[in-house]
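One file, input_9.csv, is given below (CSV, C-alpha atoms).
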chain,number,residue,atom,x,y,z
A,1,MET,CA,0.0,0.0,0.0
A,2,SER,CA,1.2,3.5,-0.8
A,3,PRO,CA,3.0,5.1,2.2
A,4,ARG,CA,0.7,7.4,4.0
A,5,THR,CA,0.5,8.9,7.4
A,6,PRO,CA,-2.6,9.5,9.6
A,7,ALA,CA,-2.0,13.2,9.0
A,8,GLU,CA,-2.1,12.8,5.2
A,9,ALA,CA,-5.3,10.7,5.5
A,10,ARG,CA,-6.9,13.2,7.7
A,11,ASP,CA,-6.2,15.9,5.1
A,12,TRP,CA,-7.8,13.8,2.5
A,13,ALA,CA,-10.8,13.1,4.7
A,14,ALA,CA,-11.3,16.8,5.3
A,15,LEU,CA,-11.0,17.5,1.6
A,16,GLY,CA,-13.6,14.8,0.8
A,17,THR,CA,-16.0,16.2,3.4
A,18,ARG,CA,-15.5,19.8,2.1
A,19,LEU,CA,-16.3,18.6,-1.5
A,20,PHE,CA,-19.3,16.7,-0.3
A,21,LEU,CA,-20.7,19.6,1.7
A,22,ALA,CA,-19.9,22.1,-1.0
A,23,ALA,CA,-22.4,20.2,-3.2
A,24,ALA,CA,-24.9,19.2,-0.6
A,25,ASP,CA,-25.3,22.6,0.9
A,26,SER,CA,-27.3,23.6,-2.1
A,27,PHE,CA,-29.5,20.4,-2.1
A,28,GLY,CA,-33.2,20.5,-1.5
A,29,PRO,CA,-35.5,17.6,-1.5
A,30,ALA,CA,-35.4,17.1,-5.3
A,31,GLU,CA,-31.6,17.2,-5.5
A,32,TYR,CA,-31.3,14.7,-2.6
A,33,ALA,CA,-33.8,12.4,-4.3
A,34,ALA,CA,-31.7,12.1,-7.4
A,35,PRO,CA,-30.1,8.7,-8.1
A,36,THR,CA,-26.4,7.9,-7.7
A,37,PRO,CA,-24.1,5.3,-9.4
A,38,LEU,CA,-24.7,3.0,-6.4
A,39,PRO,CA,-27.7,0.8,-7.2
A,40,GLY,CA,-30.8,1.7,-5.3
A,41,TRP,CA,-29.2,4.6,-3.5
A,42,SER,CA,-30.2,8.3,-3.8
A,43,ARG,CA,-28.0,11.2,-2.8
A,44,ALA,CA,-29.9,11.2,0.5
A,45,HIS,CA,-28.8,7.6,1.1
A,46,LEU,CA,-25.2,8.7,0.4
A,47,ALA,CA,-25.4,11.6,2.9
A,48,ALA,CA,-27.1,9.4,5.6
A,49,HIS,CA,-24.4,6.8,5.1
A,50,LEU,CA,-21.5,9.3,5.3
A,51,ALA,CA,-22.9,10.7,8.5
A,52,ALA,CA,-23.4,7.3,10.0
A,53,ASN,CA,-19.9,6.3,8.9
A,54,ALA,CA,-18.4,9.2,10.9
A,55,ASP,CA,-20.3,8.2,14.0
A,56,ALA,CA,-19.4,4.5,13.5
A,57,LEU,CA,-15.7,5.3,13.2
A,58,GLY,CA,-16.1,7.5,16.3
A,59,ASN,CA,-17.1,4.3,18.1
A,60,LEU,CA,-13.7,2.8,17.1
A,61,VAL,CA,-11.9,6.0,18.3
A,62,HIS,CA,-13.7,5.5,21.6
A,63,TRP,CA,-12.5,1.9,21.6
A,64,ALA,CA,-8.9,3.0,21.0
A,65,ALA,CA,-9.1,5.7,23.6
A,66,THR,CA,-10.7,3.6,26.4
A,67,GLY,CA,-10.0,0.0,25.6
A,68,GLU,CA,-13.8,-0.6,25.8
A,69,PRO,CA,-14.9,-2.7,22.7
A,70,THR,CA,-17.4,-0.5,20.8
A,71,PRO,CA,-18.2,-1.9,17.4
A,72,MET,CA,-18.9,0.4,14.5
A,73,TYR,CA,-22.5,-0.9,14.2
A,74,ALA,CA,-24.7,-3.0,16.4
A,75,SER,CA,-25.5,-5.2,13.4
A,76,PRO,CA,-25.6,-5.0,9.6
A,77,GLU,CA,-29.4,-4.7,9.9
A,78,GLU,CA,-29.1,-1.7,12.2
A,79,ARG,CA,-26.6,-0.1,9.9
A,80,LEU,CA,-29.1,-0.2,7.0
A,81,ALA,CA,-31.9,0.9,9.2
A,82,GLY,CA,-29.9,3.9,10.3
A,83,ILE,CA,-29.3,4.9,6.7
A,84,GLU,CA,-33.0,4.6,5.9
A,85,ARG,CA,-33.9,6.8,8.9
A,86,GLY,CA,-31.2,9.4,7.9
A,87,ARG,CA,-32.2,9.6,4.3
A,88,ALA,CA,-35.8,10.5,5.3
A,89,LEU,CA,-34.6,13.6,7.2
A,90,PRO,CA,-35.4,17.1,5.7
A,91,ALA,CA,-32.7,18.3,3.4
A,92,ALA,CA,-31.2,20.9,5.6
A,93,GLU,CA,-31.2,18.6,8.6
A,94,LEU,CA,-29.5,15.8,6.6
A,95,THR,CA,-26.8,18.1,5.4
A,96,ALA,CA,-26.2,19.4,9.0
A,97,ARG,CA,-25.9,15.8,10.2
A,98,VAL,CA,-23.1,15.2,7.7
A,99,ARG,CA,-21.3,18.3,8.8
A,100,GLU,CA,-21.7,17.7,12.6
A,101,SER,CA,-20.8,14.1,12.5
A,102,ALA,CA,-17.6,14.9,10.6
A,103,GLU,CA,-16.7,17.5,13.2
A,104,ARG,CA,-17.3,15.1,16.1
A,105,LEU,CA,-15.1,12.5,14.5
A,106,ALA,CA,-12.3,15.0,13.8
A,107,ALA,CA,-12.5,16.2,17.5
A,108,ALA,CA,-12.3,12.6,18.7
A,109,LEU,CA,-9.3,11.9,16.6
A,110,ASP,CA,-7.6,15.1,17.8
A,111,ALA,CA,-7.8,13.8,21.3
A,112,LEU,CA,-6.0,10.5,20.7
A,113,THR,CA,-2.6,10.1,22.3
A,114,PRO,CA,0.4,8.5,20.5
A,115,GLU,CA,-0.2,5.3,22.3
A,116,GLN,CA,-3.9,5.3,21.5
A,117,TRP,CA,-3.2,5.7,17.8
A,118,GLN,CA,-1.6,2.2,17.9
A,119,ALA,CA,-4.5,0.6,19.8
A,120,PRO,CA,-6.1,-2.3,17.9
A,121,VAL,CA,-9.8,-2.0,16.9
A,122,VAL,CA,-12.0,-4.1,14.7
A,123,THR,CA,-13.7,-2.8,11.6
A,124,ALA,CA,-17.2,-3.6,10.4
A,125,GLN,CA,-15.5,-6.1,8.0
A,126,GLY,CA,-13.9,-7.9,10.9
A,127,ARG,CA,-10.4,-6.7,10.3
A,128,THR,CA,-8.2,-5.8,13.3
A,129,VAL,CA,-6.3,-2.6,12.5
A,130,PRO,CA,-4.5,0.1,14.6
A,131,ALA,CA,-6.5,3.2,15.2
A,132,ALA,CA,-3.9,5.0,12.9
A,133,GLU,CA,-5.8,3.3,10.0
A,134,LEU,CA,-9.1,5.1,10.8
A,135,PRO,CA,-8.3,8.4,9.0
A,136,TRP,CA,-7.7,6.4,5.9
A,137,LEU,CA,-11.0,4.6,6.2
A,138,ARG,CA,-12.7,7.9,6.6
A,139,ALA,CA,-10.8,9.5,3.7
A,140,ARG,CA,-11.9,6.7,1.4
A,141,GLU,CA,-15.5,7.1,2.3
A,142,ALA,CA,-15.6,10.9,2.1
A,143,CYS,CA,-13.7,11.3,-1.1
A,144,VAL,CA,-15.3,8.5,-3.1
A,145,HIS,CA,-18.8,9.5,-2.0
A,146,ALA,CA,-18.2,13.1,-2.9
A,147,VAL,CA,-17.6,11.9,-6.4
A,148,ASP,CA,-20.7,9.6,-6.2
A,149,LEU,CA,-22.9,12.7,-5.7
A,150,ALA,CA,-22.4,13.5,-9.4
A,151,ALA,CA,-22.7,17.1,-8.5
A,152,GLY,CA,-19.3,18.6,-9.4
A,153,PRO,CA,-16.4,16.8,-7.7
A,154,ALA,CA,-14.7,14.1,-9.8
A,155,PHE,CA,-11.8,11.8,-9.2
A,156,ALA,CA,-9.6,14.3,-11.2
A,157,ASP,CA,-10.3,16.8,-8.4
A,158,LEU,CA,-8.7,14.5,-5.7
A,159,PRO,CA,-4.9,14.4,-4.9
A,160,ALA,CA,-2.8,12.0,-6.8
A,161,GLY,CA,-1.5,10.6,-3.6
A,162,PHE,CA,-5.0,9.7,-2.5
A,163,LEU,CA,-5.8,8.2,-5.8
A,164,ALA,CA,-2.7,6.0,-5.8
A,165,ALA,CA,-3.4,4.8,-2.3
A,166,LEU,CA,-7.0,4.0,-3.2
A,167,CYS,CA,-6.0,2.0,-6.3
A,168,GLU,CA,-3.6,-0.1,-4.2
A,169,ASP,CA,-6.3,-0.5,-1.5
A,170,VAL,CA,-8.9,-1.7,-4.1
A,171,LEU,CA,-6.4,-3.9,-5.9
A,172,ALA,CA,-5.5,-5.7,-2.6
A,173,LYS,CA,-9.1,-6.5,-2.1
A,174,ARG,CA,-9.7,-7.5,-5.7
A,175,ALA,CA,-6.7,-9.8,-5.6
A,176,ALA,CA,-8.4,-11.9,-3.0
A,177,ALA,CA,-11.4,-12.7,-5.2
A,178,PRO,CA,-11.8,-14.3,-8.7
A,179,GLY,CA,-11.5,-11.9,-11.6
A,180,PRO,CA,-9.5,-11.1,-14.7
A,181,ALA,CA,-5.7,-10.6,-14.7
A,182,LEU,CA,-4.8,-7.0,-15.3
A,183,THR,CA,-1.8,-4.7,-15.8
A,184,LEU,CA,-2.7,-1.1,-15.2
A,185,ARG,CA,-0.5,1.8,-16.1
A,186,THR,CA,-0.7,5.5,-16.6
A,187,PRO,CA,0.3,6.8,-20.1
A,188,ASP,CA,3.7,8.2,-18.8
A,189,ASP,CA,4.3,4.9,-16.9
A,190,SER,CA,4.6,6.9,-13.6
A,191,ALA,CA,2.3,4.4,-12.0
A,192,ARG,CA,1.8,0.7,-12.7
A,193,TRP,CA,0.0,-2.1,-11.0
A,194,TYR,CA,-0.5,-5.8,-11.5
A,195,LEU,CA,-3.7,-7.7,-10.6
A,196,PRO,CA,-3.4,-11.4,-10.6
A,197,GLY,CA,-6.3,-13.3,-11.9
A,198,GLU,CA,-7.8,-15.5,-14.6
A,199,GLY,CA,-6.4,-15.7,-18.1
A,200,GLU,CA,-3.7,-13.7,-19.8
A,201,SER,CA,-3.2,-10.3,-18.3
A,202,VAL,CA,-5.0,-7.4,-20.1
A,203,LEU,CA,-3.0,-4.2,-20.4
A,204,VAL,CA,-5.1,-1.1,-19.4
A,205,THR,CA,-3.6,2.3,-20.0
A,206,ALA,CA,-5.3,5.4,-18.7
A,207,GLU,CA,-4.8,8.5,-16.6
A,208,LEU,CA,-4.8,7.9,-12.8
A,209,PRO,CA,-8.3,9.3,-12.2
A,210,LEU,CA,-9.8,7.1,-14.8
A,211,ILE,CA,-8.0,4.0,-13.5
A,212,THR,CA,-9.3,4.8,-10.0
A,213,ALA,CA,-12.8,5.2,-11.4
A,214,TYR,CA,-12.5,1.9,-13.2
A,215,LEU,CA,-11.1,-0.1,-10.2
A,216,THR,CA,-13.8,1.3,-7.9
A,217,GLY,CA,-16.5,0.3,-10.4
A,218,ARG,CA,-17.6,3.9,-11.2
A,219,GLN,CA,-16.6,4.0,-14.9
A,220,GLN,CA,-15.7,1.5,-17.6
A,221,ILE,CA,-12.6,1.8,-19.7
A,222,GLU,CA,-12.9,0.9,-23.4
A,223,GLY,CA,-11.2,-2.5,-24.0
A,224,ALA,CA,-10.9,-3.3,-20.3
A,225,PRO,CA,-12.8,-6.3,-18.8
A,226,PRO,CA,-15.8,-5.4,-16.6
A,227,LEU,CA,-15.1,-5.8,-12.9
A,228,GLY,CA,-17.5,-7.0,-10.1
A,229,PRO,CA,-18.4,-4.9,-7.1
A,230,TRP,CA,-15.5,-3.5,-5.1
A,231,LEU,CA,-17.1,-3.5,-1.6
Show this structure as structure tokens.
Amino acid sequence: MSPRTPAEARDWAALGTRLFLAAADSFGPAEYAAPTPLPGWSRAHLAAHLAANADALGNLVHWAATGEPTPMYASPEERLAGIERGRALPAAELTARVRESAERLAAALDALTPEQWQAPVVTAQGRTVPAAELPWLRAREACVHAVDLAAGPAFADLPAGFLAALCEDVLAKRAAAPGPALTLRTPDDSARWYLPGEGESVLVTAELPLITAYLTGRQQIEGAPPLGPWL
């Protein structure tokens, strides 16, 4: 995975939140009802999810700070029920919830000591990670979903360091599941990745933002094999 520090990831998370809110601040009920690239999800679903994600990661920050096991979500069913409740909120209240939850998470992260940053916590996917990984998990959610709003921000608006780290994160997950073998590279060959898989490796050449969109399932590249869901 690309070298990154919690400070870098926190900067990326803050950027993603700003981009998301810059779009959502102008949303009324009609704009929030618009569909997104995520099947069955409206923009309101995205906003409710992003707010719930901040609070869920806040649970893991509490775990790291106190040693008290506090899972992200009580259950997968409760996670989905919370999103449904959130997406039904009035537009201004939903946007405020995104902003306030992000502020709470940032304040909780600010309070962690160097020792607490290394404390192990368990993600919703069952992975045990140090608390230092939490800013990256938030950056991934905030930045990708800002793009998913389809209201201005695009992968090309995100830092190259974030895009490269995201590509490696996605590739690591895809490598564990059946799929096509790929060689991905930018036109200037400044970045190159290999994805083991089935059949002869297919060479995919594209700019970094487009490779990121392709690997995350947001955009197809001509001549590249279709990929299954990322998460």
Could you make a table, as CSV, of the residues of segment 38-62 of chain A that have an atom within 9 Å of an atom of segment 97-101 of chain A, each with its nearest atom pair and distance in Å to one decimal, counting all atoms listed in the file, in chain and number order?
residue,atom,partner,partner_atom,distance
A:Ala47,CA,A:Val98,CA,6.4
A:Ala48,CA,A:Val98,CA,7.4
A:His49,CA,A:Val98,CA,8.9
A:Leu50,CA,A:Val98,CA,6.6
A:Ala51,CA,A:Val98,CA,4.6
A:Ala52,CA,A:Ser101,CA,7.7
A:Asn53,CA,A:Ser101,CA,8.6
A:Ala54,CA,A:Ser101,CA,5.7
A:Asp55,CA,A:Ser101,CA,6.1
A:Gly58,CA,A:Ser101,CA,8.9
Which is closest to Cys143 of chain A among A:Gln116, A:Met72, A:Tyr32, A:Leu46, if we use all atoms listed in the file?
A:Leu46
I'd like the contact shell of segment 177-187 of chain A - 8 Å cut-off, all atoms listed in the file, skipping same-chain residues fewer than 3 positions apart - returned as a PDB file with C-alpha atoms, in the frame of the given file.
ATOM      1  CA  LYS A 173      -9.100  -6.500  -2.100  1.00  0.00           C
ATOM      2  CA  ARG A 174      -9.700  -7.500  -5.700  1.00  0.00           C
ATOM      3  CA  SER A 190       4.600   6.900 -13.600  1.00  0.00           C
ATOM      4  CA  ALA A 191       2.300   4.400 -12.000  1.00  0.00           C
ATOM      5  CA  ARG A 192       1.800   0.700 -12.700  1.00  0.00           C
ATOM      6  CA  TRP A 193       0.000  -2.100 -11.000  1.00  0.00           C
ATOM      7  CA  TYR A 194      -0.500  -5.800 -11.500  1.00  0.00           C
ATOM      8  CA  LEU A 195      -3.700  -7.700 -10.600  1.00  0.00           C
ATOM      9  CA  PRO A 196      -3.400 -11.400 -10.600  1.00  0.00           C
ATOM     10  CA  GLY A 197      -6.300 -13.300 -11.900  1.00  0.00           C
ATOM     11  CA  GLU A 198      -7.800 -15.500 -14.600  1.00  0.00           C
ATOM     12  CA  GLY A 199      -6.400 -15.700 -18.100  1.00  0.00           C
ATOM     13  CA  GLU A 200      -3.700 -13.700 -19.800  1.00  0.00           C
ATOM     14  CA  SER A 201      -3.200 -10.300 -18.300  1.00  0.00           C
ATOM     15  CA  VAL A 202      -5.000  -7.400 -20.100  1.00  0.00           C
ATOM     16  CA  LEU A 203      -3.000  -4.200 -20.400  1.00  0.00           C
ATOM     17  CA  VAL A 204      -5.100  -1.100 -19.400  1.00  0.00           C
ATOM     18  CA  THR A 205      -3.600   2.300 -20.000  1.00  0.00           C
ATOM     19  CA  ALA A 206      -5.300   5.400 -18.700  1.00  0.00           C
ATOM     20  CA  GLU A 207      -4.800   8.500 -16.600  1.00  0.00           C
ATOM     21  CA  LEU A 208      -4.800   7.900 -12.800  1.00  0.00           C
ATOM     22  CA  ILE A 211      -8.000   4.000 -13.500  1.00  0.00           C
ATOM     23  CA  PRO A 225     -12.800  -6.300 -18.800  1.00  0.00           C
ATOM     24  CA  LEU A 227     -15.100  -5.800 -12.900  1.00  0.00           C
ATOM     25  CA  GLY A 228     -17.500  -7.000 -10.100  1.00  0.00           C
TER      26      GLY A 228
END
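Summary of the local environment: counting all atoms listed in the file, residues at most 9 Å from Val122 of chain A, other than itself and those fewer than 3 positions away along its chain, are Leu60, Pro69, Thr70, Pro71, Met72, Gln125, Gly126, Arg127, Thr128, Val129 and Pro130 of chain A.
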Can you work out which one of A:Ala9, A:Val144, A:Ala56, A:Leu149 has the shortest atom-to-atom distance to Gly82 of chain A, counting only C-alpha atoms?
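Nearest to Gly82 of chain A: A:Ala56.
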Residues within 12 Å of (-11.6, 15.9, -14.2), counting only C-alpha atoms, listed as a list of chain:residue names:
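Returned residue set, sorted by chain then number, is A:Val147, A:Gly152, A:Pro153, A:Ala154, A:Phe155, A:Ala156, A:Asp157, A:Leu158, A:Pro159, A:Glu207, A:Leu208, A:Pro209, A:Leu210, A:Ala213.
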Measuring atom to atom with all atoms listed in the file, identify which of A:Phe27, A:Trp117, A:Phe20, A:Trp230 is nearest to Pro135 of chain A.
A:Trp117
Two-atom distance - atom CA of Pro37 of chain A, atom CA of Glu103 of chain A (Å)
26.7 Å
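Comparing the minimum interatomic distances between Glu8 of chain A and each of A:Ala44, A:Ala146, A:Leu105, A:Ala132, counting all atoms listed in the file, we find that A:Ala132 sits nearest.
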Measuring between all atoms listed in the file, which one of A:Ala131, A:Leu231, A:Ala23, A:Leu166 shows the shortest distance to Pro114 of chain A?
A:Ala131
Best match for closeness to Ala92 of chain A among A:Ala172, A:Ala7, A:Pro29, A:Leu163, counting all atoms listed in the file
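Smallest distance to Ala92 of chain A is found for A:Pro29.
Taking atom CA of Ala74 of chain A as the reference point, atom CA of Gly86 of chain A is found at 16.4 Å.
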Just how far from atom CA of Asn59 of chain A is atom CA of Arg138 of chain A, in Å to one decimal?
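That distance, rounded to one decimal, is 12.8 Å.
The neighbours of Ala30 of chain A here are the residues that come within 12 Å of it, using all atoms listed in the file and leaving out any residue fewer than 5 positions away in the same chain; they are Ala24, Pro35, Ser42, Arg43, Ala44, Pro90 and Ala91 of chain A.
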Could segment 42-60 of chain A be completed with N, CA, C and O atoms and written as an mmCIF file, in the coordinates of the input, please?
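What ended up in out.cif:
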data_model
loop_
_atom_site.group_PDB
_atom_site.id
_atom_site.type_symbol
_atom_site.label_atom_id
_atom_site.label_comp_id
_atom_site.auth_asym_id
_atom_site.auth_seq_id
_atom_site.Cartn_x
_atom_site.Cartn_y
_atom_site.Cartn_z
ATOM 1 N N SER A 42 -30.055 6.878 -3.453
ATOM 2 C CA SER A 42 -30.200 8.300 -3.800
ATOM 3 C C SER A 42 -29.032 9.066 -3.179
ATOM 4 O O SER A 42 -28.257 8.533 -2.374
ATOM 5 N N ARG A 43 -28.973 10.356 -3.517
ATOM 6 C CA ARG A 43 -28.000 11.200 -2.800
ATOM 7 C C ARG A 43 -28.279 11.272 -1.336
ATOM 8 O O ARG A 43 -27.351 11.376 -0.520
ATOM 9 N N ALA A 44 -29.556 11.203 -0.962
ATOM 10 C CA ALA A 44 -29.900 11.200 0.500
ATOM 11 C C ALA A 44 -29.342 9.970 1.159
ATOM 12 O O ALA A 44 -28.877 10.048 2.308
ATOM 13 N N HIS A 45 -29.391 8.823 0.490
ATOM 14 C CA HIS A 45 -28.800 7.600 1.100
ATOM 15 C C HIS A 45 -27.281 7.838 1.290
ATOM 16 O O HIS A 45 -26.735 7.443 2.337
ATOM 17 N N LEU A 46 -26.611 8.442 0.306
ATOM 18 C CA LEU A 46 -25.200 8.700 0.400
ATOM 19 C C LEU A 46 -24.875 9.578 1.639
ATOM 20 O O LEU A 46 -23.955 9.319 2.413
ATOM 21 N N ALA A 47 -25.646 10.653 1.776
ATOM 22 C CA ALA A 47 -25.400 11.600 2.900
ATOM 23 C C ALA A 47 -25.669 10.903 4.222
ATOM 24 O O ALA A 47 -24.890 11.064 5.172
ATOM 25 N N ALA A 48 -26.757 10.141 4.308
ATOM 26 C CA ALA A 48 -27.100 9.400 5.600
ATOM 27 C C ALA A 48 -25.955 8.434 5.884
ATOM 28 O O ALA A 48 -25.555 8.284 7.049
ATOM 29 N N HIS A 49 -25.461 7.746 4.866
ATOM 30 C CA HIS A 49 -24.400 6.800 5.100
ATOM 31 C C HIS A 49 -23.109 7.478 5.538
ATOM 32 O O HIS A 49 -22.427 6.994 6.465
ATOM 33 N N LEU A 50 -22.758 8.607 4.923
ATOM 34 C CA LEU A 50 -21.500 9.300 5.300
ATOM 35 C C LEU A 50 -21.586 9.791 6.725
ATOM 36 O O LEU A 50 -20.595 9.714 7.463
ATOM 37 N N ALA A 51 -22.754 10.298 7.130
ATOM 38 C CA ALA A 51 -22.900 10.700 8.500
ATOM 39 C C ALA A 51 -22.814 9.559 9.478
ATOM 40 O O ALA A 51 -22.131 9.625 10.506
ATOM 41 N N ALA A 52 -23.482 8.461 9.134
ATOM 42 C CA ALA A 52 -23.400 7.300 10.000
ATOM 43 C C ALA A 52 -22.032 6.702 10.066
ATOM 44 O O ALA A 52 -21.607 6.200 11.115
ATOM 45 N N ASN A 53 -21.300 6.773 8.963
ATOM 46 C CA ASN A 53 -19.900 6.300 8.900
ATOM 47 C C ASN A 53 -19.043 7.057 9.911
ATOM 48 O O ASN A 53 -18.198 6.478 10.605
ATOM 49 N N ALA A 54 -19.215 8.376 9.951
ATOM 50 C CA ALA A 54 -18.400 9.200 10.900
ATOM 51 C C ALA A 54 -18.700 8.770 12.321
ATOM 52 O O ALA A 54 -17.768 8.613 13.129
ATOM 53 N N ASP A 55 -19.963 8.582 12.650
ATOM 54 C CA ASP A 55 -20.300 8.200 14.000
ATOM 55 C C ASP A 55 -19.790 6.755 14.305
ATOM 56 O O ASP A 55 -19.337 6.464 15.420
ATOM 57 N N ALA A 56 -19.851 5.871 13.302
ATOM 58 C CA ALA A 56 -19.400 4.500 13.500
ATOM 59 C C ALA A 56 -17.867 4.482 13.710
ATOM 60 O O ALA A 56 -17.359 3.748 14.583
ATOM 61 N N LEU A 57 -17.133 5.262 12.932
ATOM 62 C CA LEU A 57 -15.700 5.300 13.200
ATOM 63 C C LEU A 57 -15.393 5.999 14.503
ATOM 64 O O LEU A 57 -14.406 5.664 15.166
ATOM 65 N N GLY A 58 -16.277 6.898 14.926
ATOM 66 C CA GLY A 58 -16.100 7.500 16.300
ATOM 67 C C GLY A 58 -16.234 6.412 17.346
ATOM 68 O O GLY A 58 -15.562 6.518 18.384
ATOM 69 N N ASN A 59 -17.042 5.389 17.104
ATOM 70 C CA ASN A 59 -17.100 4.300 18.100
ATOM 71 C C ASN A 59 -15.728 3.596 18.173
ATOM 72 O O ASN A 59 -15.289 3.213 19.265
ATOM 73 N N LEU A 60 -15.045 3.442 17.033
ATOM 74 C CA LEU A 60 -13.700 2.800 17.100
ATOM 75 C C LEU A 60 -12.687 3.729 17.723
ATOM 76 O O LEU A 60 -11.759 3.237 18.381
#
